[in-house]
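**Student:** Structure file run-v8.tsv, TSV, C-alpha atoms, is pasted below:
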chain	number	residue	atom	x	y	z
A	1	MET	CA	111.84	106.34	101.77
A	2	LEU	CA	109.08	106.62	99.18
A	3	SER	CA	109.58	109.01	96.27
A	4	CYS	CA	107.01	111.73	95.53
A	5	LYS	CA	105.96	109.71	92.46
A	6	GLU	CA	105.26	106.65	94.62
A	7	VAL	CA	103.28	108.76	97.06
A	8	ALA	CA	101.20	110.19	94.21
A	9	THR	CA	100.53	106.67	92.89
A	10	ARG	CA	99.19	105.60	96.29
A	11	ALA	CA	97.26	108.80	97.02
A	12	SER	CA	93.77	107.35	96.45
A	13	ALA	CA	94.60	104.21	98.42
A	14	LEU	CA	95.68	106.42	101.34
A	15	ILE	CA	92.62	108.68	101.36
A	16	ASP	CA	90.30	105.70	100.86
A	17	GLY	CA	91.93	103.89	103.82
A	18	GLU	CA	93.06	100.93	101.70
A	19	LEU	CA	96.74	100.82	102.73
A	20	SER	CA	98.19	98.47	105.32
A	21	THR	CA	99.42	100.01	108.58
A	22	TRP	CA	103.03	99.79	107.37
A	23	GLN	CA	102.24	101.32	103.96
A	24	ALA	CA	100.25	104.13	105.59
A	25	LEU	CA	103.11	104.82	108.00
A	26	GLN	CA	105.58	105.08	105.09
A	27	MET	CA	103.24	107.59	103.45
A	28	ARG	CA	102.84	109.61	106.65
A	29	LEU	CA	106.63	109.75	107.09
A	30	HIS	CA	107.03	111.16	103.59
A	31	LEU	CA	104.16	113.62	104.02
A	32	ALA	CA	105.64	114.93	107.28
A	33	MET	CA	108.71	116.01	105.34
A	34	CYS	CA	107.34	116.94	101.91
A	35	LYS	CA	105.06	119.95	101.59
A	36	GLY	CA	104.41	119.29	97.88
A	37	CYS	CA	103.07	115.81	98.53
A	38	GLU	CA	101.09	116.99	101.55
A	39	GLN	CA	99.41	119.59	99.32
A	40	PHE	CA	98.88	117.04	96.55
A	41	ILE	CA	97.12	114.67	98.98
A	42	GLY	CA	94.94	117.61	100.07
A	43	GLN	CA	94.03	118.29	96.43
A	44	MET	CA	93.16	114.61	95.89
A	45	ARG	CA	91.00	114.60	99.03
A	46	THR	CA	89.12	117.68	97.80
A	47	THR	CA	88.72	116.05	94.36
A	48	ARG	CA	87.31	112.89	95.95
A	49	ASP	CA	84.87	114.92	98.04
A	50	LEU	CA	83.72	116.90	95.00
A	51	THR	CA	83.14	113.75	92.94
A	52	GLU	CA	81.16	111.87	95.54
A	53	GLY	CA	78.67	112.48	98.26
A	54	LEU	CA	77.20	115.40	96.36
A	55	PRO	CA	74.02	115.45	94.36
A	56	THR	CA	74.81	114.13	90.89
A	57	ALA	CA	73.74	116.00	87.79
A	58	ASP	CA	70.53	113.98	87.70
A	59	THR	CA	68.13	116.83	87.07
A	60	HIS	CA	64.71	116.69	85.55
A	61	ASP	CA	62.48	118.99	83.57
A	62	GLU	CA	59.58	118.97	81.14
A	63	ALA	CA	61.71	117.16	78.51
A	64	ASP	CA	61.99	114.25	80.94
A	65	LYS	CA	58.20	114.09	81.23
A	66	ASP	CA	58.11	113.69	77.43
A	67	CYS	CA	60.73	110.93	77.59
A	68	ILE	CA	58.84	109.12	80.33
A	69	ASN	CA	55.64	109.33	78.25
A	70	ALA	CA	57.52	108.00	75.19
A	71	ILE	CA	58.96	105.07	77.16
A	72	LEU	CA	55.58	104.15	78.66
A	73	SER	CA	53.78	104.37	75.32
A	74	GLN	CA	56.46	102.25	73.57
A	75	LEU	CA	56.14	99.69	76.34
A	76	HIS	CA	52.37	99.69	75.93
A	77	GLU	CA	52.68	99.25	72.13
A	78	ARG	CA	55.10	96.33	72.51
A	79	LYS	CA	52.76	94.62	74.94
A	80	GLN	CA	49.88	94.78	72.47
B	1	MET	CA	66.42	92.72	105.30
B	2	SER	CA	67.87	96.22	105.74
B	3	ALA	CA	65.55	99.22	105.69
B	4	ALA	CA	67.06	100.36	102.37
B	5	ARG	CA	66.55	96.94	100.78
B	6	ALA	CA	62.97	96.75	102.12
B	7	LYS	CA	62.27	100.20	100.63
B	8	GLU	CA	63.74	99.10	97.34
B	9	ALA	CA	61.68	95.89	97.34
B	10	ALA	CA	58.55	97.99	97.82
B	11	LEU	CA	59.61	100.25	94.93
B	12	VAL	CA	60.20	97.22	92.71
B	13	LYS	CA	56.69	95.96	93.50
B	14	LEU	CA	55.25	99.32	92.47
B	15	LEU	CA	57.28	99.30	89.25
B	16	ALA	CA	56.06	95.78	88.47
B	17	ALA	CA	52.49	96.96	89.05
B	18	GLY	CA	52.99	99.74	86.47
B	19	ASP	CA	52.97	102.62	88.97
B	20	ARG	CA	53.88	105.77	87.03
B	21	ALA	CA	55.07	107.77	90.06
B	22	ALA	CA	57.45	104.96	91.03
B	23	PHE	CA	58.86	104.92	87.51
B	24	GLU	CA	59.29	108.71	87.50
B	25	GLN	CA	61.18	108.46	90.78
B	26	VAL	CA	63.62	105.83	89.49
B	27	TYR	CA	63.96	107.58	86.12
B	28	ASN	CA	64.76	110.93	87.75
B	29	GLN	CA	67.24	109.26	90.06
B	30	HIS	CA	69.29	107.57	87.35
B	31	ASN	CA	68.56	108.73	83.81
B	32	THR	CA	71.18	111.49	83.59
B	33	SER	CA	73.87	109.11	84.85
B	34	LEU	CA	72.71	106.41	82.42
B	35	VAL	CA	73.13	108.84	79.53
B	36	ARG	CA	76.52	110.01	80.82
B	37	VAL	CA	77.87	106.46	81.14
B	38	ALA	CA	76.45	105.45	77.75
B	39	THR	CA	77.89	108.53	76.01
B	40	GLY	CA	81.37	107.35	76.94
B	41	ILE	CA	80.69	104.02	75.23
B	42	VAL	CA	78.68	104.97	72.12
B	43	ARG	CA	80.41	108.35	71.67
B	44	SER	CA	77.26	110.24	70.74
B	45	ARG	CA	74.86	111.94	73.10
B	46	ALA	CA	71.88	111.26	70.81
B	47	THR	CA	72.70	107.54	70.57
B	48	ALA	CA	73.31	107.41	74.34
B	49	GLU	CA	69.84	108.86	74.94
B	50	GLU	CA	68.37	106.14	72.70
B	51	VAL	CA	70.33	103.47	74.59
B	52	ALA	CA	69.05	104.86	77.92
B	53	GLN	CA	65.48	104.79	76.58
B	54	GLU	CA	65.90	101.17	75.42
B	55	THR	CA	67.30	100.38	78.87
B	56	TRP	CA	64.21	101.78	80.61
B	57	ILE	CA	61.92	99.77	78.35
B	58	ALA	CA	63.92	96.61	79.14
B	59	VAL	CA	63.83	97.44	82.87
B	60	LEU	CA	60.05	97.82	82.90
B	61	LYS	CA	59.51	94.72	80.75
B	62	SER	CA	61.61	92.51	83.00
B	63	ILE	CA	61.14	94.11	86.43
B	64	SER	CA	58.95	91.24	87.62
B	65	GLY	CA	61.99	88.98	87.14
B	66	PHE	CA	64.22	91.18	89.29
B	67	GLU	CA	65.18	89.03	92.29
B	68	GLY	CA	67.04	91.61	94.37
B	69	ARG	CA	70.35	89.74	94.25
B	70	SER	CA	71.99	93.07	93.43
B	71	SER	CA	70.71	96.58	94.07
B	72	LEU	CA	68.15	97.92	91.62
B	73	ALA	CA	70.64	100.58	90.45
B	74	SER	CA	73.26	97.94	89.77
B	75	TRP	CA	70.76	95.89	87.75
B	76	ILE	CA	69.68	98.92	85.71
B	77	PHE	CA	73.29	99.92	84.93
B	78	SER	CA	74.13	96.32	83.93
B	79	ILE	CA	71.35	96.43	81.35
B	80	LEU	CA	72.58	99.81	80.10
B	81	ILE	CA	76.20	98.66	79.76
B	82	ASN	CA	75.11	95.57	77.78
B	83	LYS	CA	72.95	97.64	75.46
B	84	ALA	CA	75.61	100.32	74.96
B	85	ARG	CA	78.26	97.69	74.26
B	86	SER	CA	76.00	95.97	71.72
B	87	ARG	CA	75.36	99.30	70.02
B	88	ALA	CA	79.12	100.06	69.87
B	89	LYS	CA	79.72	96.56	68.48
B	90	ARG	CA	77.14	97.10	65.74
B	91	GLU	CA	79.09	100.25	64.85
B	92	GLY	CA	82.28	98.17	64.56
B	93	ARG	CA	83.87	99.08	67.90
B	94	SER	CA	84.54	96.93	70.92
B	95	VAL	CA	84.64	98.59	74.32
B	96	SER	CA	86.76	97.24	77.13
B	97	PHE	CA	86.74	98.58	80.68
B	98	ASP	CA	90.12	97.28	81.83
B	99	GLY	CA	91.82	100.60	81.11
B	100	ALA	CA	94.58	98.90	79.10
B	101	GLY	CA	96.68	101.41	77.19
B	102	GLU	CA	95.54	104.28	79.37
B	103	ASP	CA	98.08	106.09	81.49
B	104	ASP	CA	97.69	108.51	84.34
B	105	ASN	CA	98.39	112.12	83.51
B	106	LEU	CA	101.04	112.60	86.17
B	107	ALA	CA	104.03	110.86	84.56
B	108	ALA	CA	105.47	114.13	83.28
B	109	ALA	CA	105.11	115.83	86.67
B	110	PHE	CA	108.22	114.12	88.13
B	111	ASP	CA	111.95	114.24	87.45
B	112	GLY	CA	114.14	111.18	86.96
B	113	ARG	CA	114.37	110.64	90.73
B	114	GLY	CA	110.59	110.72	91.21
B	115	ARG	CA	110.46	114.23	92.71
B	116	TRP	CA	107.96	116.91	91.74
B	117	LYS	CA	109.21	119.18	88.95
B	118	ASN	CA	106.72	121.80	90.09
B	119	MET	CA	105.46	121.45	93.62
B	120	PRO	CA	101.63	121.18	93.95
B	121	GLU	CA	100.19	124.20	95.69
B	122	LEU	CA	97.57	124.53	98.36
B	123	TRP	CA	94.15	125.08	96.81
B	124	GLU	CA	92.03	127.80	98.25
B	125	THR	CA	88.75	126.48	99.60
B	126	LEU	CA	86.84	124.75	96.85
B	127	THR	CA	83.13	124.44	97.50
B	128	PRO	CA	80.57	123.15	95.01
B	129	GLU	CA	79.07	126.65	94.86
B	130	ARG	CA	82.32	128.47	94.15
B	131	ILE	CA	82.56	130.07	90.70
B	132	LEU	CA	85.76	129.63	88.70
B	133	ALA	CA	86.17	131.01	85.19
B	134	GLY	CA	82.46	131.77	85.06
B	135	ARG	CA	81.24	128.28	85.99
B	136	SER	CA	80.52	126.58	89.29
B	137	VAL	CA	83.11	124.10	90.54
B	138	MET	CA	80.62	121.26	90.02
B	139	GLU	CA	80.21	122.20	86.36
B	140	HIS	CA	83.98	121.96	85.93
B	141	VAL	CA	84.02	118.62	87.77
B	142	ASN	CA	81.27	117.23	85.54
B	143	ALA	CA	83.00	118.54	82.39
B	144	ALA	CA	86.24	116.84	83.49
B	145	ILE	CA	84.33	113.58	84.03
B	146	GLU	CA	82.75	113.86	80.56
B	147	ALA	CA	86.27	114.05	79.07
B	148	LEU	CA	87.45	110.79	80.70
B	149	PRO	CA	87.91	107.52	78.77
B	150	PRO	CA	84.82	105.22	79.05
B	151	SER	CA	86.38	102.93	81.67
B	152	GLN	CA	87.35	105.75	84.05
B	153	ARG	CA	84.12	107.63	83.42
B	154	SER	CA	82.02	104.53	84.17
B	155	VAL	CA	83.92	103.76	87.38
B	156	ILE	CA	83.76	107.29	88.79
B	157	ILE	CA	80.04	107.66	88.00
B	158	LEU	CA	79.03	104.21	89.30
B	159	ARG	CA	81.32	104.02	92.31
B	160	ALA	CA	81.77	107.63	93.43
B	161	GLN	CA	78.64	109.41	92.23
B	162	LYS	CA	76.00	106.65	92.35
B	163	GLY	CA	77.61	104.98	95.39
B	164	LEU	CA	77.37	101.40	94.09
B	165	ASP	CA	79.35	98.78	96.04
B	166	ALA	CA	82.81	97.96	94.69
B	167	ASP	CA	81.81	94.37	93.87
B	168	GLU	CA	78.73	95.57	91.98
B	169	VAL	CA	80.82	97.98	89.87
B	170	CYS	CA	83.33	95.20	89.13
B	171	ALA	CA	80.54	92.81	88.10
B	172	ILE	CA	78.84	95.39	85.87
B	173	LEU	CA	82.07	96.30	84.06
B	174	GLY	CA	83.70	92.85	84.18
B	175	ILE	CA	86.88	94.08	85.88
B	176	SER	CA	88.84	93.13	89.00
B	177	GLU	CA	88.70	95.19	92.19
B	178	GLY	CA	92.38	96.15	91.78
B	179	ASN	CA	91.64	97.33	88.26
B	180	MET	CA	88.67	99.35	89.49
B	181	ARG	CA	90.82	101.10	92.11
B	182	VAL	CA	93.43	102.02	89.48
B	183	LEU	CA	90.70	103.41	87.19
B	184	LEU	CA	89.14	105.41	90.03
B	185	HIS	CA	92.57	106.82	90.95
B	186	ARG	CA	93.29	107.81	87.33
B	187	ALA	CA	89.87	109.41	87.03
B	188	ARG	CA	90.48	111.48	90.17
B	189	LEU	CA	93.92	112.49	88.88
B	190	SER	CA	92.35	113.83	85.68
B	191	VAL	CA	89.65	115.75	87.56
B	192	ARG	CA	92.30	117.09	89.95
B	193	THR	CA	94.45	118.26	87.01
B	194	ALA	CA	91.45	120.01	85.45
B	195	LEU	CA	90.67	121.80	88.72
B	196	ASP	CA	94.33	122.66	89.31
B	197	GLY	CA	94.42	124.36	85.90
B	198	LEU	CA	91.66	126.70	87.07
B	199	MET	CA	93.27	127.77	90.33
Can the structure in the file be given as structure tokens, please?
**Tutor:**
Amino acid sequence: MLSCKEVATRASALIDGELSTWQALQMRLHLAMCKGCEQFIGQMRTTRDLTEGLPTADTHDEADKDCINAILSQLHERKQ
Amino acid sequence: MSAARAKEAALVKLLAAGDRAAFEQVYNQHNTSLVRVATGIVRSRATAEEVAQETWIAVLKSISGFEGRSSLASWIFSILINKARSRAKREGRSVSFDGAGEDDNLAAAFDGRGRWKNMPELWETLTPERILAGRSVMEHVNAAIEALPPSQRSVIILRAQKGLDADEVCAILGISEGNMRVLLHRARLSVRTALDGLM
């Protein structure tokens, strides 16, 4: 049976669906008997969800308008 | 051509024609992430902002040569990575994205038989809006990403946050798909450890 350390190493592969059927079954067997690993996998799933699928920190304000103006004017100068 | 690719092709045409609104749209979509990826490579926010600005100038100068063989985002990030690497090289540093020498932060969590020393606990519901230690969960997530080594930071931003295809991320960073998966896993472990410390 897999150790907790081996389960932790394969956690992302499991939640991303990258394990073979046999590997996934070995993980599920361990998780059925190990509350710590089950909770760890839950934490990794939450972490994955929080780091993807959400709006990124790409925000914009007046400073960005200034940057856009600077980029466009530099481009214009270089073309001349 | 897929609807997304057709939309992107139309956007590229507008950029090539010098359409300011199209440029603002692409800039607003990617600039913060460009600066965040570059900061990991050049180690200074101010220099990273310069590198991002140089990237945008290069993008607009060469947009008519963009052939759509990759996504526009992938092409823009490739230019950024090259510029940031050149800048780091000029400062006497070489930046590699293979993650060599980096370890995951879980090694000490297990005993000699590979069992948890301290069992992970169930997290209470974590939503992006939830406030922990005076900051929203997303602020903690972003701070944890900022603290990652450049390789892990680049992979998690490009693959997880910007949603680029795995093969595009590998091509941009010059790494194998296996390597990218290891880096993404290590990045998640670090973010998970940061969040666990707040619970």
**Student:** What separation in Å, quoted to one decimal, exists between atom CA of Gln26 of chain A and atom CA of Ser190 of chain B?
**Tutor:** 25.1 Å
**Student:** Report as CSV the residues of chain A within 6 Å of chain B, each with its shortest atom pair and distance in Å (one decimal), using only C-alpha atoms, ordered by chain and increasing residue number.
**Tutor:**
residue,atom,partner,partner_atom,distance
A:Ser3,CA,B:Gly114,CA,5.4
A:Cys4,CA,B:Arg115,CA,5.1
A:Lys5,CA,B:Gly114,CA,4.9
A:Ser12,CA,B:His185,CA,5.7
A:Gly36,CA,B:Met119,CA,4.9
A:Gln39,CA,B:Leu122,CA,5.4
A:Phe40,CA,B:Pro120,CA,5.6
A:Thr47,CA,B:Arg192,CA,5.8
A:Glu52,CA,B:Ala160,CA,4.8
A:Asp58,CA,B:Thr32,CA,4.8
**Student:** Could you dump the residues just selected with C-alpha atoms as a short mmCIF file (atom, residue, chain, number, x, y, z; two decimals), in the coordinates of the input?
**Tutor:**
data_model
loop_
_atom_site.label_atom_id
_atom_site.label_comp_id
_atom_site.auth_asym_id
_atom_site.auth_seq_id
_atom_site.Cartn_x
_atom_site.Cartn_y
_atom_site.Cartn_z
CA SER A 3 109.58 109.01 96.27
CA CYS A 4 107.01 111.73 95.53
CA LYS A 5 105.96 109.71 92.46
CA SER A 12 93.77 107.35 96.45
CA GLY A 36 104.41 119.29 97.88
CA GLN A 39 99.41 119.59 99.32
CA PHE A 40 98.88 117.04 96.55
CA THR A 47 88.72 116.05 94.36
CA GLU A 52 81.16 111.87 95.54
CA ASP A 58 70.53 113.98 87.70
#
**Student:** For a quick check of your reading of the model, name the residues lying within 12 Å of the coordinate (60.2, 100.4, 97.3), counting all atoms listed in the file, and write them as a PyMOL selection string.
**Tutor:** chain B and resi 3-17+19+21-23+25-26+68+71-72
**Student:** Atom CA of Asp103 of chain B and atom CA of Cys34 of chain A, how far apart in Å?
**Tutor:** 24.9 Å
**Student:** What's the separation between atom CA of Lys83 of chain B and atom CA of His140 of chain B, in Å to one decimal place?
**Tutor:** 28.7 Å
**Student:** Env of segment 166-178 of chain B: 10 Å cut, atoms = all atoms listed in the file, seq-sep filter 4 positions within chain, self excluded. Answer as a list in words.
**Tutor:** Ser70, Ser71, Ala73, Ser74, Trp75, Ile76, Phe77, Ser78, Ile79, Leu80, Ile81, Asn82, Ser96, Phe97, Asp98, Gly99, Ser151, Ser154, Val155, Ile156, Ile157, Leu158, Arg159, Ala160, Val182, Leu183 and Leu184 of chain B
**Student:** Which residue gives the smallest distance to Ala11 of chain A among A:Met44, A:Ala63, A:Ala70, A:Ala32, with all atoms listed in the file counted?
**Tutor:**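 Among the listed residues, the smallest separation from Ala11 of chain A belongs to A:Met44.
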**Student:** Identify which of the residues B:Ile63, B:Leu132, B:Ala84, B:Ala143 lies closest to Ala48 of chain B, counting all atoms listed in the file when measuring atom-to-atom distances.
**Tutor:**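 Smallest distance to Ala48 of chain B is found for B:Ala84.
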**Student:** The centre and edge lengths of an axis-aligned box containing all atoms of segment 21-37 of chain A present in the file, extended by 6 Å on each side, are to be given in Å to one decimal, as lines of an AutoDock Vina configuration file.
**Tutor:**
center_x = 104.1
center_y = 109.9
center_z = 103.2
size_x = 21.3
size_y = 32.2
size_z = 22.7
**Student:** Which residues are close to Ile41 of chain A, i.e. within 8 Å by all atoms listed in the file, leaving aside same-chain residues fewer than 3 positions away? Reply as a PyMOL selection string.
**Tutor:** chain A and resi 8+11+15+37-38+44-45
**Student:** Could you get me a file of chain A with C-alpha atoms, as a PDB file, in the first residue's frame, taken from the block above?
**Tutor:**
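The result, stored in selection.pdb:
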ATOM      1  CA  MET A   1       0.000   0.000   0.000  1.00  0.00           C
ATOM      2  CA  LEU A   2       1.128   3.547  -0.713  1.00  0.00           C
ATOM      3  CA  SER A   3       2.594   5.583   2.148  1.00  0.00           C
ATOM      4  CA  CYS A   4       1.131   8.982   3.071  1.00  0.00           C
ATOM      5  CA  LYS A   5       4.262  10.579   1.580  1.00  0.00           C
ATOM      6  CA  GLU A   6       3.662   8.833  -1.756  1.00  0.00           C
ATOM      7  CA  VAL A   7       0.029   9.917  -1.724  1.00  0.00           C
ATOM      8  CA  ALA A   8       1.057  13.527  -1.075  1.00  0.00           C
ATOM      9  CA  THR A   9       3.557  13.362  -3.964  1.00  0.00           C
ATOM     10  CA  ARG A  10       0.803  12.234  -6.346  1.00  0.00           C
ATOM     11  CA  ALA A  11      -1.896  14.573  -5.012  1.00  0.00           C
ATOM     12  CA  SER A  12      -1.880  16.990  -7.976  1.00  0.00           C
ATOM     13  CA  ALA A  13      -1.802  14.134 -10.486  1.00  0.00           C
ATOM     14  CA  LEU A  14      -4.880  12.659  -8.785  1.00  0.00           C
ATOM     15  CA  ILE A  15      -6.928  15.862  -8.674  1.00  0.00           C
ATOM     16  CA  ASP A  16      -5.887  16.758 -12.236  1.00  0.00           C
ATOM     17  CA  GLY A  17      -6.971  13.295 -13.463  1.00  0.00           C
ATOM     18  CA  GLU A  18      -3.495  12.376 -14.709  1.00  0.00           C
ATOM     19  CA  LEU A  19      -3.117   8.982 -13.004  1.00  0.00           C
ATOM     20  CA  SER A  20      -3.709   5.636 -14.675  1.00  0.00           C
ATOM     21  CA  THR A  21      -6.718   3.613 -13.512  1.00  0.00           C
ATOM     22  CA  TRP A  22      -4.448   1.375 -11.410  1.00  0.00           C
ATOM     23  CA  GLN A  23      -2.590   4.315  -9.838  1.00  0.00           C
ATOM     24  CA  ALA A  24      -5.870   6.091  -9.072  1.00  0.00           C
ATOM     25  CA  LEU A  25      -7.260   2.919  -7.486  1.00  0.00           C
ATOM     26  CA  GLN A  26      -4.174   2.619  -5.241  1.00  0.00           C
ATOM     27  CA  MET A  27      -4.729   6.219  -4.154  1.00  0.00           C
ATOM     28  CA  ARG A  28      -8.442   5.660  -3.487  1.00  0.00           C
ATOM     29  CA  LEU A  29      -7.645   2.581  -1.383  1.00  0.00           C
ATOM     30  CA  HIS A  30      -5.264   4.607   0.775  1.00  0.00           C
ATOM     31  CA  LEU A  31      -7.679   7.539   1.054  1.00  0.00           C
ATOM     32  CA  ALA A  32     -10.504   5.231   2.176  1.00  0.00           C
ATOM     33  CA  MET A  33      -8.403   4.284   5.187  1.00  0.00           C
ATOM     34  CA  CYS A  34      -6.443   7.453   5.954  1.00  0.00           C
ATOM     35  CA  LYS A  35      -8.296  10.518   7.176  1.00  0.00           C
ATOM     36  CA  GLY A  36      -5.133  12.678   7.141  1.00  0.00           C
ATOM     37  CA  CYS A  37      -4.504  12.030   3.460  1.00  0.00           C
ATOM     38  CA  GLU A  38      -8.176  12.458   2.619  1.00  0.00           C
ATOM     39  CA  GLN A  39      -8.075  15.888   4.278  1.00  0.00           C
ATOM     40  CA  PHE A  40      -4.781  16.734   2.580  1.00  0.00           C
ATOM     41  CA  ILE A  41      -6.263  15.937  -0.843  1.00  0.00           C
ATOM     42  CA  GLY A  42      -9.226  18.174   0.051  1.00  0.00           C
ATOM     43  CA  GLN A  43      -6.817  20.996   0.922  1.00  0.00           C
ATOM     44  CA  MET A  44      -4.960  20.532  -2.378  1.00  0.00           C
ATOM     45  CA  ARG A  45      -8.241  20.578  -4.302  1.00  0.00           C
ATOM     46  CA  THR A  46      -9.249  23.834  -2.598  1.00  0.00           C
ATOM     47  CA  THR A  47      -5.783  25.273  -3.334  1.00  0.00           C
ATOM     48  CA  ARG A  48      -6.101  24.328  -7.006  1.00  0.00           C
ATOM     49  CA  ASP A  49      -9.555  25.917  -7.215  1.00  0.00           C
ATOM     50  CA  LEU A  50      -8.317  29.118  -5.566  1.00  0.00           C
ATOM     51  CA  THR A  51      -5.346  29.408  -7.933  1.00  0.00           C
ATOM     52  CA  GLU A  52      -7.272  28.876 -11.138  1.00  0.00           C
ATOM     53  CA  GLY A  53     -10.605  29.628 -12.650  1.00  0.00           C
ATOM     54  CA  LEU A  54     -10.848  32.850 -10.688  1.00  0.00           C
ATOM     55  CA  PRO A  55     -10.236  36.336 -11.952  1.00  0.00           C
ATOM     56  CA  THR A  56      -6.505  37.002 -11.773  1.00  0.00           C
ATOM     57  CA  ALA A  57      -5.152  40.127 -10.156  1.00  0.00           C
ATOM     58  CA  ASP A  58      -5.181  41.865 -13.535  1.00  0.00           C
ATOM     59  CA  THR A  59      -6.748  45.126 -12.438  1.00  0.00           C
ATOM     60  CA  HIS A  60      -6.523  48.481 -14.089  1.00  0.00           C
ATOM     61  CA  ASP A  61      -6.663  52.091 -13.032  1.00  0.00           C
ATOM     62  CA  GLU A  62      -5.572  55.554 -14.096  1.00  0.00           C
ATOM     63  CA  ALA A  63      -1.885  54.569 -13.762  1.00  0.00           C
ATOM     64  CA  ASP A  64      -2.461  51.992 -16.494  1.00  0.00           C
ATOM     65  CA  LYS A  65      -3.845  54.691 -18.787  1.00  0.00           C
ATOM     66  CA  ASP A  66      -0.555  56.559 -18.286  1.00  0.00           C
ATOM     67  CA  CYS A  67       1.429  53.403 -19.073  1.00  0.00           C
ATOM     68  CA  ILE A  68      -0.612  52.754 -22.208  1.00  0.00           C
ATOM     69  CA  ASN A  69      -0.019  56.356 -23.325  1.00  0.00           C
ATOM     70  CA  ALA A  70       3.727  55.974 -22.648  1.00  0.00           C
ATOM     71  CA  ILE A  71       3.915  52.731 -24.647  1.00  0.00           C
ATOM     72  CA  LEU A  72       2.012  54.202 -27.601  1.00  0.00           C
ATOM     73  CA  SER A  73       4.087  57.386 -27.651  1.00  0.00           C
ATOM     74  CA  GLN A  74       7.373  55.408 -27.467  1.00  0.00           C
ATOM     75  CA  LEU A  75       6.162  53.252 -30.327  1.00  0.00           C
ATOM     76  CA  HIS A  76       5.289  56.358 -32.315  1.00  0.00           C
ATOM     77  CA  GLU A  77       8.733  57.903 -31.631  1.00  0.00           C
ATOM     78  CA  ARG A  78      10.541  54.729 -32.710  1.00  0.00           C
ATOM     79  CA  LYS A  79       8.565  54.610 -35.937  1.00  0.00           C
ATOM     80  CA  GLN A  80       9.606  58.160 -36.835  1.00  0.00           C
TER      81      GLN A  80
END
